[in-house]
Structure formats: structure tokens, C-alpha cells
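Enquirer: This is the structure, below, for whatever I ask next.
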Amino acid sequence: MIRLRAWRWLAALACLLAASALGTSPARATSPPVPDASAPLTIWHAYRGVEQATLDALLASYDGDVEVLAIPYDAFGSKLAAAIPLGEGPDLFIDSHERLGDFIHRGLVAPLPPDALEEAAYAPQALTAVTLPDTEGHPRRWAAPMSMKSLALYVNTELLPEVPATLEGFEALTETLPEGVFPLAWEANSAYAHAAILGAYGIELLTAEGDFGMRGDAAARSLQLVMDLLDAKVLPEDADGALVADLFRSGKAAAVISGPWLAGDLPASLHYEIRRLPAIGDAAQHRASGATPETEESPAPMRPLLTVESLMLSPRGATHPRAAALLAHLTSAEAGRRRARDARALSARTDAPPPSADAFLRAFQAQAAVATPMPAVRAMRAVWEPASRAIRKTLRRDVTPAKALEEAARRFQEVRRPPPPPKDPTFFLAILGALSLFGALTLLHRARQPAMRARLRASLPAYRYVIHGVLLVGLLVLGPILVGAATALFAGQPHQMYYVGLDNFVDILTARSGPLFASGSFYLVLIVTVAWTACNVVLHLAIGVTLALVLSRPLLKLKSVYRVLLIVPWSVPSYVTALAWKGMFHRQFGAVTGIIQSVNDVFGTEIEPIAWFATFSTSFAANLTTNVWLGFPFMMVVTLGALTAVPKDVLEAAEVDGATPLQRLWHVTLPMIKPTMIPATVLGSIWTFNMFNVVFLVSGGEPDGTTDILISEAYRWAFTREARYGYAAAYAVLIFLILAGASTAGARWIDRSKERA
């Protein structure tokens with residue numbers, strides 16, 4: 001008789017599903033059917049507020065049936081990628097032009113008809129932004145430009161009636177502005193914002209050949225310029241978008257560099273103007289070699305990146321008879337003027353200029369004239385992370401600018417390197433097929449046994465109660481897990497994945513052929529993850545058990561109030577708590593720095609504010625503090641429940657025998673709650689091992705990715721590094737194997753401990 005344990009049945013089923021997944025070719029876009037001319041057009045967008053209202057008004061004036069769907073911006077690209085290849089989704093959609101390269105590669109967008117645009121009516125930089133080569137290398141227009149956005153200078157006219165002509169000129173304002181007011185603020189750590197400075201030096205983030213552009217002496221000098229401004233207290237440290245807006249709103253920054261989106265967050269009582277970004281005098285001697293001797297001596301204007309919001313056609317929309325008419329309606333000069341008037345959006349058309357009285361849009365129009373369209377090629381997605389890390393490392397003085405840029409170029413090449421070559425899946429499919437056949441034959445053999453059939457008939461009434469749950473769990477839980485595990489055996493882009501066997505795992509476990517413990521390697525991240533989990537679980541247990549013991553004392557008053565207050569950290573969403581703690585750890589404006597300053601004032605000490613995310617130890621401590629705050633209530637609640645099951649007569653007997661309170665705790669209470677605490681500890685360890693929110697939102701992996709854990713590293717490979725879904729899935733499988741192995745080993749250790757006891 002062939003006997004098979006339950007886990008082997010599951011393994012056979014998993015093999016069957018995996019084999020079917022491996023044997024199925026990745027979904028590819030097919031030629032969409034020609035839609036009915038009477039069918040309504042569908043348009044997707046990510047607008048909100050006044051922009052959405054303006055779009056709805058424009059669609060209401062269109063003579064035709066249109067269905068509109070607003071999708072959150074963060075999910076917009078993924079929704080398009082999921083719907084369009086299946087012939088579903090929108091006929092037209094509105095998105096930023098920098099995604100065009102990826103959309104073209106995935107077949108999500110179709111080129112515009114040759115006569116779709118009145119090219120003479122558009123700003124040249126807007127047309128440049130939406131022009132990319134097709135599969136044959138011929139330049140095509142892939143979208144209809146609607147509006148343009150770039151960074152510009154916001155000036156508080158009450159604090160700064162006269163604006164310096166150059167960026168270096170802001171240093172003199174530190175002596176004339178009120179105390180505590182910064183002359184200038186922007187997101188200095190951001191590669192997007194720093195690109196405006198690079199433009200003054202004649203440098204692009206991405207070269208025309210698709211290579212990393214932040215190289216050489218000029219790029220290093222651009223970073224040194226920002227360092228000098230930070231040293232001179234011209235700029236605040238570690239400024240993000242929220243801090244820049246807060247400083248400008250509160251009058252703590254005389255000027256800020258931001259885009260048109262900032263205006264919606266500013267109060268009506270604030271008097272400000274929009275100006276072009278200042279020039280950079282230092283850039284003159286570092287400009288591109290094509291500069292003439294006359295221009296080399298003059299300050300170079302900052303050239304921010306230009307984003308062009310555009311209307312795009314899906315492959316299905318390109319075949320719809322009425323799509324061209326709707327595209328022309330939404331991109332007409334009248335539509336551009338209406339968006340400028342109602343939504344204050346700078347039109348990409350030259351025949352729809354901003355109203356003469358609108359100084360806001362006219363200033364952004366002047367800035368857009370010298371802006372550089374953001375490259376729309378797919379390689380641009382791989383630039384942001386290494387460039388931003390190089391900027392942050394330089395501004396923290398961890399390494400020299402040249403060293404940081406050299407490392408950033410290496411990381412860019414690492415992300416851009418080709419995936420493993422395809423492999424023949426025949427051997428692997430044969431093994432899976434054999435296992436699947438073995439499982440099927442075993443099921444058939446057992447089904448033919450009379451005793452098995454009798455038990456099955458007796459169990460049929462019970463199956464009717466659980467079958468729906470089994471199907472739902474299999475469909476919603478087991479299915480995605482198996483598909484995700486199978487994805488680890490593939491490589492390539494999501495729409496063109498191919499089988500590579502175990503190459504993803506080999507690449508991860510060999511640290512991508514680099515040093516085993518280099519920054520970002522699997523083994524270094526694993527060490528950090530284990531240390532992170534161990535420290536958190538120990539503190540969760542220590543604090544949770546201690547508080548539970550205090551709250552369980554019968555003579556303690558207001559116990560219910562204390563319990564509610566101590567559960568609050570657990571009840572607040574983790575991402576809200578993480579962002580709050582991140583703000584408290586800010587070096588200049590955080591609550592922790594405020595406490596340090598108060599201590600200095602009271603005791604006359606000279607404790608320096610801590611740059612929490614500048615070193616591994618302090619950044620790890622910031623993450624740890626946040627997660628301990630989130631995690632101890634769970635252990636406290638579990639311990640409180642366990643303590644209610646401790647018999648009072650046992651404790652009284654121990655007390656009669658002369659046991660001290662500490663002895664009763666150690667020899668009676670803790671051993672009796674141990675069976676309850678062990679599963680809670682295992683569950684807490686698994687949660688902490690995969691605690692993505694805290695690591696990603698508090699430290700963001702800083703400094704230089706050293707505080708990343710395995711789950712955040714997997715996220716980066718999936719969503720910020722060329723969409724390597726197969727590589728990220730391999731990380732997920734390794735995480736599962738580590739947790740499964742650790743849980744199994746722990747369970748066996750507990751069983752052996754019970755046997756010895």
C-alpha cells in the first residue's frame with residue numbers, strides 16, 4: 001500500500017500547479033479587435049481636485065459618449081500594464097511623458113497618426129519630450145502634449161524683496177535675514193532637484209547613449225557647491241518636500257525651489273512670487289566644451305527637468321474611429337486656455353499662452369523655456385536610486401564626491417546588466433511532470449480502496465461545510481503563492497518573461513559575482529535582517545511582559561485607562577506611526593532635537609543634535625525605536641491574557657512555601673505562560689522579519705542601503721530597479737525558506753525541551 005503524508009499531497013499539488021505555470025507562455029499583447037464606432041470611448045487619468053474638475057468640464061463639452069475613470073497615481077502604471085495587453089482598459093489615457101519608453105516597450109501605447117498634431121502650435125521642448133523611435137528606429141510622436149511642469153523659484157516677497165542673480169549670492173542673505181530663516185530651501189538630497197544644477201554644468205542624468213551621466217569633475221563640483229551652501233547655513237539639512245513646504249509656509253525660508261504643485265499648499269495670506277531659477281556662476285568654467293569664450297564667463301542658468309503631461313492612445317484606442325476626434329478636442333488651443341484659466345496648468349501649445357494677468361503661469365512658462373525634457377527611455381528608471389544615494393552620501397561627508405559618483409555609476413551598470421539567458425525547461429518540466437503523475441497515481445490508488453471510499457462517503461456532509469473555504473483559500477492564498485514562487489524561475493520584463501531555471505537564486509546567493517558582504521549583497525542584508533528581528537523581538541517581549549505584569553497587579557488603580565493608552569501604538573496604522581517617528585528624528589527640526597536643545601538650555605550642556613540617518617548605528621536605532629513602539633502592545637496583550645490563566649492557588653501555595661515575589665515569577669508564572677508566549681514570539685518574529693513599512697518609511701535604507709532588510713531589498717528589485725520581478729520573487733522564496741526553516745527548527749527544539757523536562 002502506498003502511503004503519503006499530508007505534506008506530500010500538498011507538494012504534489014504544488015508541483016502540478018507549478019508545472020502548469022511553467023508550461024504556459026507569458027501573456028503577450030495581441031492585436032486588439034476593431035471596436036464598434038458607436039461604442040463609448042474610455043479615458044483614464046490620475047487627476048484630482050481642480051484638475052479633475054477641469055477635465056470633466058472639457059469632456060462634458062465633447063459631442064460623444066465617453067466613460068471616465070480616475071485611478072490613484074501610484075497604481076496607474078500597474079493598472080495599465082494589467083489591462084491593455086488583454087484588450088481591456090482605456091482607449092486614451094493621460095500620463096507623464098517620462099513613462100513613454102516603458103509603455104512603448106510593453107506595447108501599452110500606440111504612435112499617433114501623422115496628422116494628429118498641429119506641430120507648429122506646440123512648444124519645441126514639448127514635442128521633443130514625446131518623440132521616440134519606433135521598433136524600426138524611425139522617430140514617431142507617441143503622445144499629444146497637454147501641459148508642462150518644471151521646478152521654479154518661489155520667493156517670499158516680504159522677506160526677500162530683491163532676489164540674488166546667482167545661487168552663490170544667497171550666501172550673503174544669511175547675515176540680513178531674521179534669525180532662524182533660511183535664505184533658500186529645496187530637496188537637496190533628491191536627484192530630480194539636483195538635475196537642475198547639473199544642467200547648469202552641461203551634464204545630464206542620462207547620456208544620449210543611455211549611460212549614467214553624473215560623471216567627471218563638473219558633476220563632482222556640482223555636489224561640492226551644495227555642500228558649501230549647507231556649510232554656510234543657506235540650506236536646511238535633510239529637507240524633503242514636506243519640510244520645504246512647511247518652511248516656506250511658516251516664513252522660515254525666504255525662497256524655495258519647487259514645482260507648481262506647491263502652490264496648492266500655500267495659504268492665501270502668504271505673499272510670494274514665482275521667478276526663474278538663479279544662475280550658477282561656478283558653472284561657467286565647467287560647462288560643456290561647446291560653450292564659446294563669451295558665454296563661459298557668464299553665469300549659467302539652472303536647467304530643471306521638464307515633465308510633459310500628455311494624452312496617449314492605447315493600441316485599441318488607435319483603432320477606434322472616434323478616438324482621434326476626442327484627442328483633438330482635449331489638446332486643442334481652447335482646451336489649453338481653459339486648463340490654464342481653471343486649473344492653472346501651463347499649456348504645451350504656444351497658441352494657448354497664459355493669461356496676461358497670471359504672473360504665476362508666465363513665470364513657469366519662462367522657466368520651461370530653458371528646462372530640459374526628462375528622458376523617456378527605459379534606462380531612466382535605473383538612474384534615480386544610484387544618483388540619489390550618491391548625493392546623500394556626499395552631503396553626509398561619507399565619501400568624496402568623485403568616489404560617490406564612481407560607485408553610483410557602478411550600481412547603475414549593475415542594475416542595467418542583462419538578465420540571465422533563456423534556458424530549456426524540458427528537464428525541469430519532466431521532473432515536475434513525473435512528480436505530478438506520481439501524485440495522481442497515488443490518489444487513484446487510494447481512491448480505489450474500499451475503506452477509503454467508505455471514509456470519503458462518511459465525510460461528504462462535512463465537506464459541504466468546508467469546501468467553499470478550501471476553494472477560496474486555494475484561489476486567493478495558495479494560488480498567488482505558487483505563481484509567485486514559479487515567477488522566481490523566470491527573468492526579463494513582465495510582458496516578456498522567459499525561463500532561466502535557478503539562475504536568479506544563483507545570482508543572489510553569489511552576491512551577483514561581487515564580494516559576498518558588499519553593500520546590498522544577500523548575506524549582508526540577511527545579517528542585518530536577523531539582527532533587526534532579534535533586537536525587536538527581545539525588546540517586544542521584555543517591555544510587553546513587564547507592562548503586563550504591572551497591569552495585572554490587583555491593587556493598581558485606573559488599570560483600564562492604562563491598558564487603553566498602551567494599546568494606542570498598536571491601533572494606529574503602522575505607516576502613520578513610521579512617518580511620525582521619522583519626523584521626530586529629523587536632525588534640525590525633529591522632536592528629539594528639540595529635547596536635546598531643552599536639555600542644553602536647562603543644564604548648560606553642549607550636546608550636538610544627532611544626524612540619525614547618517615550612520616548605521618543611529619539609523620538602525622531609529623528603526624528599532626519605531627518598531628518597538630509599534631510592537632510591544634501585542635506582546636503585552638498576549639501576556640495579559642496568559643496571566644489570567646495562571647491559577648491563584650498555585651501562586652498562594654508558593655508564597656506559603658516561602659518563595660519570594662521574584663522566585664514566584666521565575667519558577668511559577670513564567671513557566672506557566674510560556675506555552676502561550678512561544679506562538680506569539682514566533683508570530684512576532686515573522687512579522688518583524690518582514691516589517692517593510694518601518695524600514696522603508698523611517699530610514700529608507702539609509703545610510704547607503706545598510707539598514708535595508710530582505711523584504712525592502714526585494715521591493716527595490718521589483719519596483720525601482722528595472723522591474724526585475726523574477727529576481728524579486730527569488731528573494732521572496734528565500735525569505736519563505738528561511739522563515740520556514742527557522743520555524744521548523746524552533747518547533748523541534750521546543751519538542752526536545754519538553755521531552756527532557
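Residues in the C-alpha cells are named by chain (A, B, ... in the order shown) and by number from 1 within that chain; ligands are numbered from 1 in the order shown.
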List every residue of stretch 402-636 of chain A that DSSP, applied to the backbone, labels as alpha helix (DSSP H), and write the result as a ChimeraX atom specification.

Expert: /A:402-416,426-447,450-473,479-487,503-509,522-551,559-571,574-584,591-603,616-636

Enquirer: With only C-alpha atoms as the counted atoms, please give the residues lying no more than 12 Å from A:Ala645, apart from itself and same-chain residues fewer than 5 positions off, as a list in words.

Expert: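 Close residues of A:Ala645: Ser552, Val638, Thr639, Leu640, Val650, Leu651, Thr669, Leu670, Met672, Ile673, Lys674, Pro675 and Thr676 of chain A.
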
Enquirer: Identify, on the basis of only C-alpha atoms, every residue whose closest approach to stretch 67-71 of chain A does not exceed 7 Å; exclude the query and any residue fewer than 6 positions from it along the same chain; express the result as a list in words.

Expert: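 My reading of the contact set: Pro40, Leu41, Thr42, Ile43, Trp44, His45, Ala46 and Tyr47 of chain A.
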
Enquirer: Using only C-alpha atoms, which protein or nucleic acid residues come within 9 Å of A:Val698? Drop anything in the same chain fewer than 2 positions from it, and give the result as a ChimeraX atom specification.

Expert: /A:578-583,585,619,622-623,626,693-696,700-701

Enquirer: What does the distance from atom CA of A:Ile203 to atom CA of A:Glu407 come to in Å, to one decimal?

Expert: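 Going from atom CA of A:Ile203 over to atom CA of A:Glu407, I get 17.7 Å.
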
Enquirer: Rounded to one decimal in Å, what is the spacing between atom CA of A:Pro124 and atom CA of A:Asp56?

Expert: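 Here the two named atoms are 28.0 Å from each other.
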
Enquirer: Please indicate the distance in Å from atom CA of A:Ala123 to atom CA of A:Pro375, rounded to one decimal place.

Expert: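 Separation of atom CA of A:Ala123 and atom CA of A:Pro375: 16.6 Å.
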
Enquirer: Going by DSSP on the backbone, which residues of stretch 487-660 of chain A come out as strand (DSSP E or B)? List them as JSON, numbers by chain.

Expert: {"A": [490, 491, 498, 499]}

Enquirer: Got time to write the residues from that selection, N, CA and C atoms, as a short mmCIF file (atom, residue, chain, number, x, y, z; two decimals), in the first residue's frame?

Expert:
```
data_model
loop_
_atom_site.label_atom_id
_atom_site.label_comp_id
_atom_site.auth_asym_id
_atom_site.auth_seq_id
_atom_site.Cartn_x
_atom_site.Cartn_y
_atom_site.Cartn_z
N PHE A 490 11.86 32.73 -13.62
CA PHE A 490 11.81 33.48 -14.87
C PHE A 490 12.60 34.78 -14.74
N ALA A 491 12.93 35.37 -15.85
CA ALA A 491 13.62 36.66 -15.90
C ALA A 491 13.07 37.46 -17.07
N TYR A 498 10.92 34.93 -19.47
CA TYR A 498 11.32 33.64 -20.03
C TYR A 498 12.00 32.83 -18.93
N TYR A 499 12.02 31.53 -19.13
CA TYR A 499 12.51 30.60 -18.12
C TYR A 499 14.04 30.65 -18.04
#
```

Enquirer: Give the answer as one residue: which of A:Phe603, A:Trp570, A:Tyr272, A:Phe360 has the shortest atom-to-atom distance to A:Thr157, using only C-alpha atoms?

Expert: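 Residue with the minimum atom-to-atom distance to A:Thr157: A:Tyr272.
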
Enquirer: A:Ile596, A:Ala152, A:Val226, A:Phe689: which is nearest A:Pro260, counting only C-alpha atoms?

Expert: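 Counting only C-alpha atoms, the residue closest to A:Pro260 is A:Ala152.
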
Enquirer: Would you kindly return, as a list in words, each protein, DNA or RNA residue with an atom no farther than 8 Å from any atom of stretch 632-634 of chain A, considering only C-alpha atoms and excluding same-chain residues fewer than 6 positions away?

Expert: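 The residues that qualify are Leu539, His540, Leu541, Ile543, Gly544, Leu566, Ile567, Pro569 and Trp570 of chain A.
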
Enquirer: Kindly indicate which residue among A:Ile467, A:Leu524, A:Met452, A:Ala371 lies nearest to A:Thr510, using only C-alpha atoms for the distances.

Expert: A:Leu524

Enquirer: Using only C-alpha atoms, determine which residues lie at most 6 Å from stretch 159-169 of chain A, disregarding the query and same-chain residues fewer than 6 positions distant; provide the list as number ranges by chain.

Expert: A: 254, 278-280

Enquirer: Between A:Val537, A:Ile527, A:Ala458, A:Ala120, which has the minimum distance to A:Thr350 (counting only C-alpha atoms)?

Expert: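 Using only C-alpha atoms, A:Thr350 sits closest to A:Ala120.
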
Enquirer: Pick from A:Leu471, A:Ala116, A:Ala110, A:Leu327: nearest to A:Val66, with only C-alpha atoms counted?

Expert: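 For A:Val66, the nearest of the candidates is A:Leu327.
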
Enquirer: Nearest to A:Ala129 among A:Ala376, A:Ala404, A:Leu262, A:Ala488, with distances taken over only C-alpha atoms: which residue is it?

Expert: A:Ala376
